[in-house]
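**Q** So here's run_23.cif (mmCIF, C-alpha atoms).
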data_upload
loop_
_atom_site.label_atom_id
_atom_site.label_comp_id
_atom_site.auth_asym_id
_atom_site.auth_seq_id
_atom_site.Cartn_x
_atom_site.Cartn_y
_atom_site.Cartn_z
CA MET U 1 205.56 197.27 87.97
CA LYS U 2 203.58 196.05 85.02
CA THR U 3 206.15 193.32 84.45
CA LEU U 4 205.85 192.17 88.10
CA ARG U 5 202.07 192.17 87.84
CA MET U 6 202.24 190.00 84.74
CA PHE U 7 204.48 187.47 86.52
CA LEU U 8 202.10 187.38 89.51
CA VAL U 9 199.06 186.76 87.30
CA ALA U 10 200.90 184.03 85.41
CA GLY U 11 201.95 182.36 88.68
CA LEU U 12 198.43 182.54 90.07
CA GLY U 13 197.13 180.87 86.90
CA LEU U 14 199.56 177.97 87.31
CA THR U 15 198.59 177.56 90.94
CA VAL U 16 194.89 177.34 90.12
CA THR U 17 195.57 174.84 87.34
CA ALA U 18 197.53 172.62 89.71
CA CYS U 19 194.74 172.76 92.33
CA THR U 20 192.07 171.70 89.83
CA ALA U 21 193.86 168.56 88.60
CA VAL U 22 191.69 165.43 89.29
CA ASP U 23 193.16 162.29 90.75
CA VAL U 24 191.45 158.99 89.83
CA PRO U 25 190.36 157.28 93.08
CA THR U 26 192.00 153.89 93.58
CA ARG U 27 190.26 152.59 96.72
CA ASN U 28 187.79 150.45 94.62
CA ALA U 29 190.23 149.42 91.91
CA PRO U 30 190.78 145.65 91.56
CA PHE U 31 194.14 144.21 92.57
CA GLU U 32 194.34 142.36 89.25
CA ASN U 33 192.92 142.63 85.75
CA LEU U 34 189.35 141.39 85.30
CA PRO U 35 188.87 138.48 82.87
CA ASN U 36 187.51 139.21 79.45
CA SER U 37 185.53 135.94 79.05
CA ILE U 38 182.92 133.92 81.00
CA VAL U 39 184.36 132.24 84.06
CA SER U 40 183.07 128.73 84.92
CA ALA U 41 182.54 127.69 88.52
CA PRO U 42 185.12 125.34 90.03
CA ALA U 43 184.27 121.66 90.18
CA GLY U 44 181.86 120.97 93.00
CA TYR U 45 180.45 124.49 92.89
CA ASP U 46 178.25 124.26 89.80
CA PRO U 47 175.07 126.32 90.09
CA ILE U 48 172.03 124.28 91.17
CA GLN U 49 169.41 123.98 88.47
CA PRO U 50 165.76 123.95 89.65
CA GLN U 51 164.31 120.47 89.46
CA VAL U 52 160.94 120.29 87.72
CA ALA U 53 158.99 117.20 88.75
CA ALA U 54 157.83 115.21 85.74
CA ARG U 55 154.07 114.72 85.65
CA PRO U 56 153.07 111.04 85.75
CA GLN U 57 151.93 109.65 82.44
CA ALA U 58 148.78 108.28 84.05
CA ALA U 59 146.61 108.53 87.13
CA MET U 60 147.14 105.13 88.68
CA GLY U 61 146.32 103.34 91.91
CA GLN U 62 146.40 99.84 93.33
CA VAL U 63 144.28 98.31 96.09
CA VAL U 64 144.98 94.96 97.74
CA ILE U 65 141.81 92.99 98.46
CA PRO U 66 141.65 91.40 101.93
CA HIS U 67 140.37 87.81 101.94
CA GLY U 68 140.77 86.72 105.54
CA ASP U 69 142.10 83.19 106.00
CA VAL U 70 140.91 81.81 102.66
CA VAL U 71 143.79 80.39 100.64
CA ALA U 72 143.71 80.29 96.84
CA ARG U 73 146.09 78.35 94.66
CA ALA U 74 148.26 79.87 91.97
CA ALA U 75 146.95 79.83 88.42
CA THR U 76 149.84 77.58 87.40
CA ASP U 77 148.38 74.86 89.65
CA ASP U 78 144.98 75.01 87.97
CA VAL U 79 145.19 72.44 85.21
CA GLY U 80 141.71 73.26 83.98
CA GLY U 81 142.46 76.94 83.33
CA LEU U 82 140.02 79.66 84.35
CA ALA U 83 136.78 78.03 83.22
CA ASP U 84 134.21 77.31 85.92
CA ALA U 85 130.55 76.58 86.41
CA PRO U 86 128.08 79.32 85.39
CA GLY U 87 127.54 81.91 88.13
CA GLN U 88 130.73 80.97 89.93
CA SER U 89 134.04 82.76 89.61
CA PRO U 90 137.16 80.70 88.99
CA VAL U 91 139.28 83.48 90.48
CA ARG U 92 139.93 85.31 93.69
CA VAL U 93 141.21 88.81 93.01
CA ASN U 94 144.23 89.66 95.13
CA SER U 95 144.68 93.26 93.93
CA VAL U 96 143.08 95.81 91.63
CA THR U 97 145.13 98.29 89.60
CA VAL U 98 143.33 101.01 87.65
CA VAL U 99 145.15 103.25 85.17
CA VAL U 100 143.77 106.37 83.49
CA PRO U 101 146.32 107.58 80.91
CA ARG U 102 147.03 111.31 80.82
CA ALA U 103 146.78 111.08 77.04
CA LEU U 104 142.99 110.91 77.39
CA LYS U 105 141.49 114.28 76.48
CA VAL U 106 139.34 116.05 79.08
CA SER U 107 136.46 118.26 77.99
CA GLU U 108 134.91 120.91 80.26
CA ARG U 109 132.64 122.23 77.54
CA ASN U 110 129.01 122.49 78.61
CA SER U 111 127.31 121.15 75.49
CA TYR U 112 125.04 118.16 74.94
CA LEU U 113 127.77 115.87 73.66
CA PRO U 114 131.24 117.45 73.88
CA ARG U 115 134.18 115.83 72.18
CA GLY U 116 136.61 114.26 74.61
CA ASP U 117 137.61 111.02 76.24
CA ILE U 118 136.75 112.20 79.76
CA VAL U 119 133.62 114.15 80.62
CA TRP U 120 132.97 114.34 84.35
CA ARG U 121 131.25 117.14 86.27
CA GLU U 122 130.05 115.80 89.62
CA ASP U 123 133.35 116.50 91.40
CA PRO U 124 134.81 120.02 91.72
CA ILE U 125 136.98 121.20 88.84
CA GLY U 126 140.39 119.61 89.26
CA ASP U 127 142.37 116.58 88.12
CA ARG U 128 139.70 114.75 86.14
CA HIS U 129 142.02 111.82 85.40
CA ALA U 130 142.53 111.23 89.12
CA GLN U 131 138.82 111.65 89.84
CA VAL U 132 137.88 109.08 87.21
CA GLN U 133 140.60 106.72 88.41
CA LYS U 134 139.16 106.73 91.93
CA ILE U 135 135.59 106.13 90.74
CA VAL U 136 136.59 103.15 88.61
CA GLN U 137 138.92 101.73 91.26
CA ASP U 138 136.28 101.97 94.00
CA ALA U 139 133.79 100.21 91.73
CA MET U 140 136.20 97.41 90.80
CA VAL U 141 137.22 96.79 94.40
CA ARG U 142 133.57 96.54 95.43
CA GLY U 143 132.75 94.25 92.51
CA VAL U 144 135.52 91.70 93.06
CA GLY U 145 135.52 91.76 96.86
CA THR U 146 133.17 88.79 97.19
CA LEU U 147 134.77 86.60 94.52
CA ASN U 148 136.29 83.54 96.15
CA GLY U 149 137.46 81.23 93.39
CA PRO U 150 140.42 78.86 93.62
CA VAL U 151 142.86 80.88 91.48
CA SER U 152 144.57 83.97 92.90
CA VAL U 153 144.84 86.75 90.30
CA ASP U 154 145.62 90.44 90.00
CA LEU U 155 143.19 92.56 88.02
CA GLU U 156 144.56 95.37 85.86
CA ILE U 157 142.24 97.96 84.29
CA VAL U 158 143.14 100.66 81.76
CA VAL U 159 140.39 103.21 81.13
CA SER U 160 140.06 104.49 77.56
CA ARG U 161 136.76 106.41 77.82
CA PHE U 162 134.70 107.85 80.65
CA HIS U 163 131.99 110.06 79.20
CA ALA U 164 129.30 111.07 81.71
CA LEU U 165 126.84 113.93 81.27
CA THR U 166 127.44 117.66 81.12
CA GLU U 167 125.26 120.02 83.13
CA LYS U 168 123.23 120.88 80.03
CA ALA U 169 122.47 117.26 79.17
CA ARG U 170 121.93 116.30 82.81
CA TYR U 171 119.08 118.74 83.34
CA THR U 172 117.43 118.38 79.95
CA THR U 173 117.74 115.38 77.64
CA GLY U 174 119.76 112.85 79.63
CA GLY U 175 121.85 110.47 77.57
CA ILE U 176 124.42 107.72 78.07
CA HIS U 177 127.28 107.22 80.51
CA ALA U 178 129.73 105.82 77.96
CA ILE U 179 132.53 103.93 79.72
CA THR U 180 135.17 101.74 78.08
CA PHE U 181 138.15 99.98 79.62
CA ASP U 182 140.57 97.13 78.95
CA LEU U 183 141.16 94.43 81.52
CA VAL U 184 143.83 91.79 82.03
CA LEU U 185 144.16 89.07 84.67
CA LYS U 186 147.63 88.16 85.92
CA ASP U 187 148.90 85.39 88.16
CA SER U 188 149.35 86.86 91.65
CA ALA U 189 152.37 84.66 92.33
CA THR U 190 154.32 85.00 89.09
CA GLY U 191 152.88 88.08 87.36
CA ALA U 192 152.29 86.00 84.24
CA GLN U 193 149.42 87.18 82.07
CA LEU U 194 146.55 84.70 82.23
CA THR U 195 144.14 86.32 79.77
CA PRO U 196 144.58 88.45 76.67
CA PRO U 197 143.51 92.09 77.05
CA ARG U 198 139.73 92.33 76.73
CA THR U 199 137.90 95.55 75.91
CA ILE U 200 134.77 96.09 77.99
CA ARG U 201 132.13 98.63 76.98
CA ALA U 202 130.00 99.33 80.02
CA ASP U 203 127.42 101.89 78.91
CA LEU U 204 124.68 102.99 81.31
CA GLU U 205 121.51 105.00 80.73
CA ALA U 206 122.00 108.51 82.11
CA PHE U 207 118.99 110.26 83.60
CA GLY U 208 118.00 113.75 82.52
CA GLY U 209 115.54 116.47 83.49
CA GLN U 210 113.04 115.63 86.25
CA GLN U 211 114.18 112.00 86.31
CA ALA U 212 117.71 113.14 87.19
CA ILE U 213 116.39 115.50 89.89
CA ASN U 214 114.29 112.72 91.43
CA ALA U 215 117.23 110.30 91.35
CA GLU U 216 119.49 112.80 93.12
CA ALA U 217 116.82 113.30 95.79
CA ARG U 218 117.06 109.54 96.47
CA GLY U 219 120.85 109.72 96.66
CA GLN U 220 121.27 108.20 93.20
CA THR U 221 123.84 110.64 91.87
CA GLN U 222 125.82 109.99 88.70
CA LYS U 223 128.75 108.78 90.78
CA VAL U 224 126.62 106.36 92.81
CA ARG U 225 124.93 104.90 89.74
CA ILE U 226 128.16 104.55 87.77
CA THR U 227 129.98 102.96 90.70
CA ASP U 228 127.18 100.42 91.26
CA HIS U 229 127.02 99.68 87.55
CA LEU U 230 130.75 99.09 87.12
CA ALA U 231 130.83 96.86 90.21
CA TRP U 232 128.11 94.73 88.63
CA VAL U 233 129.86 94.74 85.24
CA ILE U 234 133.12 93.35 86.62
CA GLN U 235 131.24 90.69 88.60
CA GLN U 236 129.50 89.57 85.42
CA GLU U 237 132.74 89.60 83.48
CA LEU U 238 134.51 87.36 86.00
CA THR U 239 131.67 84.97 86.77
CA ASP U 240 129.80 84.49 83.49
CA PRO U 241 131.63 82.18 81.06
CA GLU U 242 130.52 84.46 78.21
CA GLY U 243 131.68 87.59 80.00
CA TYR U 244 129.78 90.87 80.26
CA GLU U 245 127.70 91.96 77.28
CA ASN U 246 127.08 95.67 76.82
CA ALA U 247 123.44 96.77 76.81
CA SER U 248 121.80 98.18 73.71
CA LEU U 249 120.66 101.68 74.63
CA GLY U 250 119.48 103.17 71.37
CA PHE U 251 120.07 106.52 69.70
CA TYR U 252 122.21 108.27 72.31
CA GLN U 253 124.51 105.27 72.50
CA LEU U 254 125.08 105.50 68.75
CA LEU U 255 125.89 109.22 69.07
CA ASN U 256 128.58 108.43 71.65
CA LYS U 257 130.32 106.14 69.16
CA ILE U 258 130.70 108.89 66.53
#
Could you quickly redo this structure as structure tokens?

**A**
Amino acid sequence: MKTLRMFLVAGLGLTVTACTAVDVPTRNAPFENLPNSIVSAPAGYDPIQPQVAARPQAAMGQVVIPHGDVVARAATDDVGGLADAPGQSPVRVNSVTVVVPRALKVSERNSYLPRGDIVWREDPIGDRHAQVQKIVQDAMVRGVGTLNGPVSVDLEIVVSRFHALTEKARYTTGGIHAITFDLVLKDSATGAQLTPPRTIRADLEAFGGQQAINAEARGQTQKVRITDHLAWVIQQELTDPEGYENASLGFYQLLNKI
């Protein structure tokens, strides 16, 4: 009896062992071996890389000046060059292009005379290069719009400095609107350069304190005064045989040159 019991216990043990054996599930197993290295996409199925738009190297714009039915001759037909009688322009400007390089440093520091190539506060915080470009372009278009000389030219302007007042200087000491640009005249028909690049310094007294407040009350904001001034500067440059001569504005003007 003991022997039979021993056989029964041994058999039961084998049965339990067989029931507890684990089978590895195969329903999710791959049909073939997975590769051991990186797999490249077939030709034509390369992953798309996000395209990052390159920022322009300058804020730039061009405006064509309407002149009605007046016809100007090309510069190549003007044997006498660009010289003309005092007070009269030898040119008629066909288009104005204004460039403000992104390399110019912008300062938003609210000090009396911050370091920087561009200081401009009268527009909301944003693309200062584009804001300055529009101010200068509007001024140039206004200034050359009435010129009606015999030679058709394109005017190209590259701004190198546009230093207006900060809030602190505007409401206390005032100062100088220090503006510098290079200009070139080109033949409208051929694109040939008619004049060497000329650097124009067009500084303007900047109001401060009560004088600035009174000017703003009359609508004479910084933008209005600078636009009017630059329009006059380009008229003088293109009508006076000697060109425009920068005003002497004293101590603050010297500080802006440091």

**Q** Do you know which residues the PyMOL selection byres ((chain U and resi 132) around 12) returns on this file, as a VMD selection string?

**A** chain U and resid 58 to 61 98 to 102 104 106 117 to 123 126 to 131 133 to 139 158 to 164 179 181 223 226 to 227

**Q** Looking at only C-alpha atoms, which of U:Leu249, U:Ile176, U:Glu205, U:Val153 is the one that sits closest to Ala192 in chain U?

**A**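 Answer, going by the shortest atom-to-atom distance: U:Val153.
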
**Q** Step by step: start from the point (118.1, 116.7, 73.3) in the file's coordinates, keep every protein, DNA or RNA residue that has an atom no farther than 12 Å from it, count all atoms listed in the file, and write the set as a PyMOL selection string.

**A** chain U and resi 111-113+168-176+208-209+251-252+255

**Q** Go ahead and save the residues from that selection, with C-alpha atoms, as a PDB file, in the frame of the given file.

**A**
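After the write, part11.pdb holds the following:
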ATOM      1  CA  SER U 111     127.310 121.150  75.490  1.00  0.00           C
ATOM      2  CA  TYR U 112     125.040 118.160  74.940  1.00  0.00           C
ATOM      3  CA  LEU U 113     127.770 115.870  73.660  1.00  0.00           C
ATOM      4  CA  LYS U 168     123.230 120.880  80.030  1.00  0.00           C
ATOM      5  CA  ALA U 169     122.470 117.260  79.170  1.00  0.00           C
ATOM      6  CA  ARG U 170     121.930 116.300  82.810  1.00  0.00           C
ATOM      7  CA  TYR U 171     119.080 118.740  83.340  1.00  0.00           C
ATOM      8  CA  THR U 172     117.430 118.380  79.950  1.00  0.00           C
ATOM      9  CA  THR U 173     117.740 115.380  77.640  1.00  0.00           C
ATOM     10  CA  GLY U 174     119.760 112.850  79.630  1.00  0.00           C
ATOM     11  CA  GLY U 175     121.850 110.470  77.570  1.00  0.00           C
ATOM     12  CA  ILE U 176     124.420 107.720  78.070  1.00  0.00           C
ATOM     13  CA  GLY U 208     118.000 113.750  82.520  1.00  0.00           C
ATOM     14  CA  GLY U 209     115.540 116.470  83.490  1.00  0.00           C
ATOM     15  CA  PHE U 251     120.070 106.520  69.700  1.00  0.00           C
ATOM     16  CA  TYR U 252     122.210 108.270  72.310  1.00  0.00           C
ATOM     17  CA  LEU U 255     125.890 109.220  69.070  1.00  0.00           C
TER      18      LEU U 255
END

**Q** Rounded to one decimal in Å, what is the spacing between CA of Glu156 in chain U and CA of Thr97 in chain U?

**A**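 Distance reported for this atom pair: 4.8 Å.
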
**Q** Find, counting all atoms listed in the file, the residue in U:Val91, U:Ala212, U:Ala189, U:Val64 that gets nearest to Pro150 in chain U.

**A**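 Nearest to Pro150 in chain U: U:Val91.
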
**Q** What does the distance from CA of Leu185 in chain U to CA of Val151 in chain U come to in Å, to one decimal?

**A** 10.7 Å

**Q** Would you kindly translate the PyMOL selection byres ((chain U and resi 240) around 8) into the concrete residues it picks from this file, as number ranges by chain?

**A** U: 86-89, 236-239, 241-244

**Q** When the PyMOL selection byres ((chain U and resi 144) around 8) is applied to the file above, which residues end up in the set, as a ChimeraX atom specification?

**A** /U:92-93,140-143,145-147,231,234-235

**Q** CA of Ile125 in chain U to CA of Phe207 in chain U: how many Å, to one decimal?

**A**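 About the pair CA of Ile125 in chain U and CA of Phe207 in chain U: they are 21.7 Å apart.
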
**Q** Find the residues around range 195-197 of chain U up to 9 Å (all atoms listed in the file counted), leave out those fewer than 6 positions away in its own chain, and share them as number ranges by chain.

**A** U: 182-186
